[in-house]
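Before any comments, here is the structure.
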Amino acid sequence: MNAALYQANHPARFWKLDTKPAPSADQWAAAAACAASLLPSAALDRGTAIPDLLEMTLGEGQFGPEHWRLSQARRIYYRLKPLLPRKAIGGLRRMHRRALETVDHGLGWPVEDRYAWFMWSTVRHLLQVAGATEASFVYFWPKGCSCAFVLTHDIETAAGQRFVPRVAELEERLGFRSSFNFVAERYPLDRGLIRDLQSRGFEVGVHGLKHDGRLFSSRREFERRAARINDHLRALDAVGFRSPLTHRNPEWMQSLDIEYDLSFFDTDPYEPLPGGTMSLWPFQIGRFLELPYTLVQDFTLTDVLLETTPALWLQKLEFLERFNGMALLNTHPDYLRSEGRFELYADFLQQISYRDNYWSALPRDAARWWRERAEAEDVTSLRGAVEGVIRLREDGQVAVEVPAWVS
């Protein structure tokens with residue numbers, strides 16, 4: 001693991017306090033050390049220094065040095081997966097689910113709140129040591145929105161590509177825009193469709209090269225494919241990437257010429273590399289920004305968990321709003337075209353469309369905002385920013401408050 005990949009996510013940059021004098025590095029370190037007991041015990045194996053805590057949580061270091069390596073059984077499965085019918089894949093995933101339910105993966109699901117409480121507790125200790133009851137800060141999202149809402153799609157096959165216009169029409173009708181991530185060399189890309197999406201305010205990204213499960217088979221193979229992926233990114237005028245099957249390795253992925261990545265998640269025991277970063281917000285991984293998905297993927301929701309309503313998505317949204325997080329969803333036009341799936345997705349978007357306290361953003365815009373916020377000196381230097389207040393409550397906890405946006 002490489003702790004340097006995560007050092008930009010220091011709690012001081014997360015909170016962006018506007019206090020005079022500013023807390024010292026030693027004060028931040030002491031506050032984080034006091035709050036660290038809220039994290040999983042495995043995340044404390046290297047101690048309570050901030051760089052170590054960030055690497056063990058955001059960097060998934062708590063899952064061990066072999067975390068990024070697929071087991072032999074999984075490698076065989078992904079070699080065979082293209083030959084299997086979708087019903088068989090769903091059945092195997094459900095069998096896998098039953099096995100997973102007997103294993104403790106170390107993180108909560110669908111809600112994992114310990115990293116959020118760690119960040120809240122760190123700033124609480126900082127206030128208490130300073131003898132202060134409140135502090136102002138650069139609020140998390142533009143115009144005081146309580147949550148960022150980001151829609152993304154991965155298009156695995158030509159059939160999924162043909163269904164994209166219907167998904168885009170639904171979102172456009174309800175006032176949303178999203179990103180569509182295409183597999184660069186698995187099926188002929190519909191360039192006319194891609195140009196049309198971009199002209200209508202949607203975003204286009206790259207979803208790997210072949211979607212064959214071999215992108216991370218070796219460092220040499222990854223570097224070879226990364227060079228071709230970078231060519232496709234430039235050809236599509238794309239700045240975002242998601243790895244097929246959420247296979248990932250943060251150090252290798254530094255070779256990608258991207259502004260942001262979508263291959264990580266806050267918590268998910270059902271993915272090929274289970275685990276999670278625990279983060280409800282964007283964060284920096286070396287040269288790119290990570291936008292972890294925080295809502296369960298559609299295939300897991302409908303084909304593994306056998307849910308028929310968006311209730312799990314809506315419940316998680318309530319939790320994310322409590323911590324002013326980012327609700328990022330990944331769905332697949334390949335699966336949405338199946339009976340009942342599209343209607344479930346439409347029901348979810350319809351319910352969200354009634355809410356006016358979310359910032360509906362393309363992933364590109366969410367990433368740029370988070371980066372600009374981290375670099376802003378104060379509220380006045382960031383367009384759309386508002387001043388929030390962190391207030392120490394009578395029970396010793398902290399509350400985040402934000403004034404209403406005045407245009």
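Identifiers in the structure tokens: chain A, B, ... in order shown; residue index from 1 per chain; ligand index from 1 in order shown.
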
| What lies within 7 Å of Asn230 of chain A using only C-alpha atoms, ignoring chain neighbours under 3 positions off, as a PyMOL selection string? | chain A and resi 226-227+233-234+256-257

| said: Going by DSSP on the backbone, which residues of segment 345-405 of chain A come out as strand (DSSP E or B)? List them as number ranges by chain. | reply: A: 358-360, 387-392, 398-401

Produce a file of the selected residues containing N, CA and C atoms, as a PDB file, in the first residue's frame.
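Wrote it out as again21.pdb, contents follow:
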```
ATOM      1  N   TYR A 358     -31.469  18.230  -2.935  1.00  0.00           N
ATOM      2  CA  TYR A 358     -30.325  17.488  -3.442  1.00  0.00           C
ATOM      3  C   TYR A 358     -29.674  18.249  -4.596  1.00  0.00           C
ATOM      4  N   TRP A 359     -28.363  18.116  -4.688  1.00  0.00           N
ATOM      5  CA  TRP A 359     -27.647  18.646  -5.841  1.00  0.00           C
ATOM      6  C   TRP A 359     -27.504  17.520  -6.845  1.00  0.00           C
ATOM      7  N   SER A 360     -28.275  17.566  -7.929  1.00  0.00           N
ATOM      8  CA  SER A 360     -28.194  16.563  -8.979  1.00  0.00           C
ATOM      9  C   SER A 360     -27.050  16.947  -9.899  1.00  0.00           C
ATOM     10  N   GLU A 387     -21.416  29.167   3.749  1.00  0.00           N
ATOM     11  CA  GLU A 387     -20.747  28.955   5.029  1.00  0.00           C
ATOM     12  C   GLU A 387     -21.626  28.098   5.926  1.00  0.00           C
ATOM     13  N   GLY A 388     -21.125  26.936   6.292  1.00  0.00           N
ATOM     14  CA  GLY A 388     -21.815  26.087   7.244  1.00  0.00           C
ATOM     15  C   GLY A 388     -21.304  26.331   8.647  1.00  0.00           C
ATOM     16  N   VAL A 389     -21.999  25.785   9.608  1.00  0.00           N
ATOM     17  CA  VAL A 389     -21.601  25.927  11.012  1.00  0.00           C
ATOM     18  C   VAL A 389     -21.588  24.546  11.658  1.00  0.00           C
ATOM     19  N   ILE A 390     -20.508  24.230  12.337  1.00  0.00           N
ATOM     20  CA  ILE A 390     -20.419  23.024  13.145  1.00  0.00           C
ATOM     21  C   ILE A 390     -20.663  23.452  14.581  1.00  0.00           C
ATOM     22  N   ARG A 391     -21.722  22.929  15.181  1.00  0.00           N
ATOM     23  CA  ARG A 391     -22.110  23.370  16.512  1.00  0.00           C
ATOM     24  C   ARG A 391     -22.011  22.220  17.510  1.00  0.00           C
ATOM     25  N   LEU A 392     -21.404  22.488  18.637  1.00  0.00           N
ATOM     26  CA  LEU A 392     -21.304  21.503  19.702  1.00  0.00           C
ATOM     27  C   LEU A 392     -22.607  21.472  20.484  1.00  0.00           C
ATOM     28  N   VAL A 398     -21.792  16.787  17.724  1.00  0.00           N
ATOM     29  CA  VAL A 398     -21.799  17.988  16.906  1.00  0.00           C
ATOM     30  C   VAL A 398     -22.917  17.914  15.877  1.00  0.00           C
ATOM     31  N   ALA A 399     -23.416  19.061  15.509  1.00  0.00           N
ATOM     32  CA  ALA A 399     -24.436  19.175  14.467  1.00  0.00           C
ATOM     33  C   ALA A 399     -23.907  20.097  13.387  1.00  0.00           C
ATOM     34  N   VAL A 400     -24.192  19.754  12.141  1.00  0.00           N
ATOM     35  CA  VAL A 400     -23.814  20.594  11.010  1.00  0.00           C
ATOM     36  C   VAL A 400     -25.037  21.375  10.569  1.00  0.00           C
ATOM     37  N   GLU A 401     -24.901  22.685  10.494  1.00  0.00           N
ATOM     38  CA  GLU A 401     -26.009  23.547  10.095  1.00  0.00           C
ATOM     39  C   GLU A 401     -25.565  24.386   8.907  1.00  0.00           C
TER      40      GLU A 401
END
```

| note | If you count only C-alpha atoms, the residue of A:Met119, A:Val296, A:Met326, A:Ala3 closest to Ala36 of chain A turns out to be A:Met119

| task | Take atom CA of Met56 of chain A and atom CA of Asp298 of chain A and report the distance between them in Å, one decimal. | result |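 Going from atom CA of Met56 of chain A over to atom CA of Asp298 of chain A, I get 28.1 Å.
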
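For the choices A:Ala168, A:Leu209, A:Cys34, A:Ala22, the atom-to-atom distance to Glu185 of chain A is smallest for A:Leu209 when using only C-alpha atoms.
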
| task | Find the residues near Asp268 of chain A: any atom within 12 Å, counting only C-alpha atoms, skip ones fewer than 2 places away on the same chain, and give them as a PyMOL selection string. | result | chain A and resi 97+100+105-112+246+263-266+270-278+292-297+300-301

| Within 7 Å of Asp261 of chain A, counting only C-alpha atoms, which residues qualify if same-chain residues fewer than 5 places away don't, as a list in words? |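 Near neighbours after the sequence-gap exclusion: Gly240, Phe241, Arg242, Phe288, Leu289, Glu290 and Leu291 of chain A.
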
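If you count only C-alpha atoms and ignore residues fewer than 2 places along the chain from Pro188 of chain A, what sits within 10 Å of it is Thr157, Ala158, Gln161, Val183, Ala184, Glu185, Arg186, Asp190 and Arg191 of chain A.
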
Filtering to C-alpha atoms, could you give me those residues as a PDB file, in the first residue's frame?
```pdb
ATOM      1  CA  THR A 157     -23.082  -5.179 -24.281  1.00  0.00           C
ATOM      2  CA  ALA A 158     -24.437  -3.984 -27.607  1.00  0.00           C
ATOM      3  CA  GLN A 161     -26.157   0.221 -25.779  1.00  0.00           C
ATOM      4  CA  VAL A 183     -16.746  -0.650 -22.874  1.00  0.00           C
ATOM      5  CA  ALA A 184     -14.228   0.573 -25.412  1.00  0.00           C
ATOM      6  CA  GLU A 185     -13.524  -2.605 -27.409  1.00  0.00           C
ATOM      7  CA  ARG A 186     -16.230  -5.162 -26.631  1.00  0.00           C
ATOM      8  CA  ASP A 190     -22.412   3.973 -31.527  1.00  0.00           C
ATOM      9  CA  ARG A 191     -20.653   7.274 -32.139  1.00  0.00           C
TER      10      ARG A 191
END
```

| said: Just the number, please: distance in Å from atom CA of Thr19 of chain A to atom CA of Asp378 of chain A, one decimal. | reply: 10.4 Å

| For Arg371 of chain A, the nearest of the candidates A:Arg355, A:Arg166, A:Arg46, A:Arg287, counting only C-alpha atoms | A:Arg287

| query | Near Arg225 of chain A, counting only C-alpha atoms, which residues have an atom at most 10 Å away, once you skip same-chain residues fewer than 5 positions from it, shown as a list of chain:residue names? | reply |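 Returned residues: A:Gly208, A:Leu209, A:Lys210, A:Arg214, A:Leu215, A:Phe216, A:Arg219, A:Arg220, A:Asn230, A:Asp231, A:Leu256.
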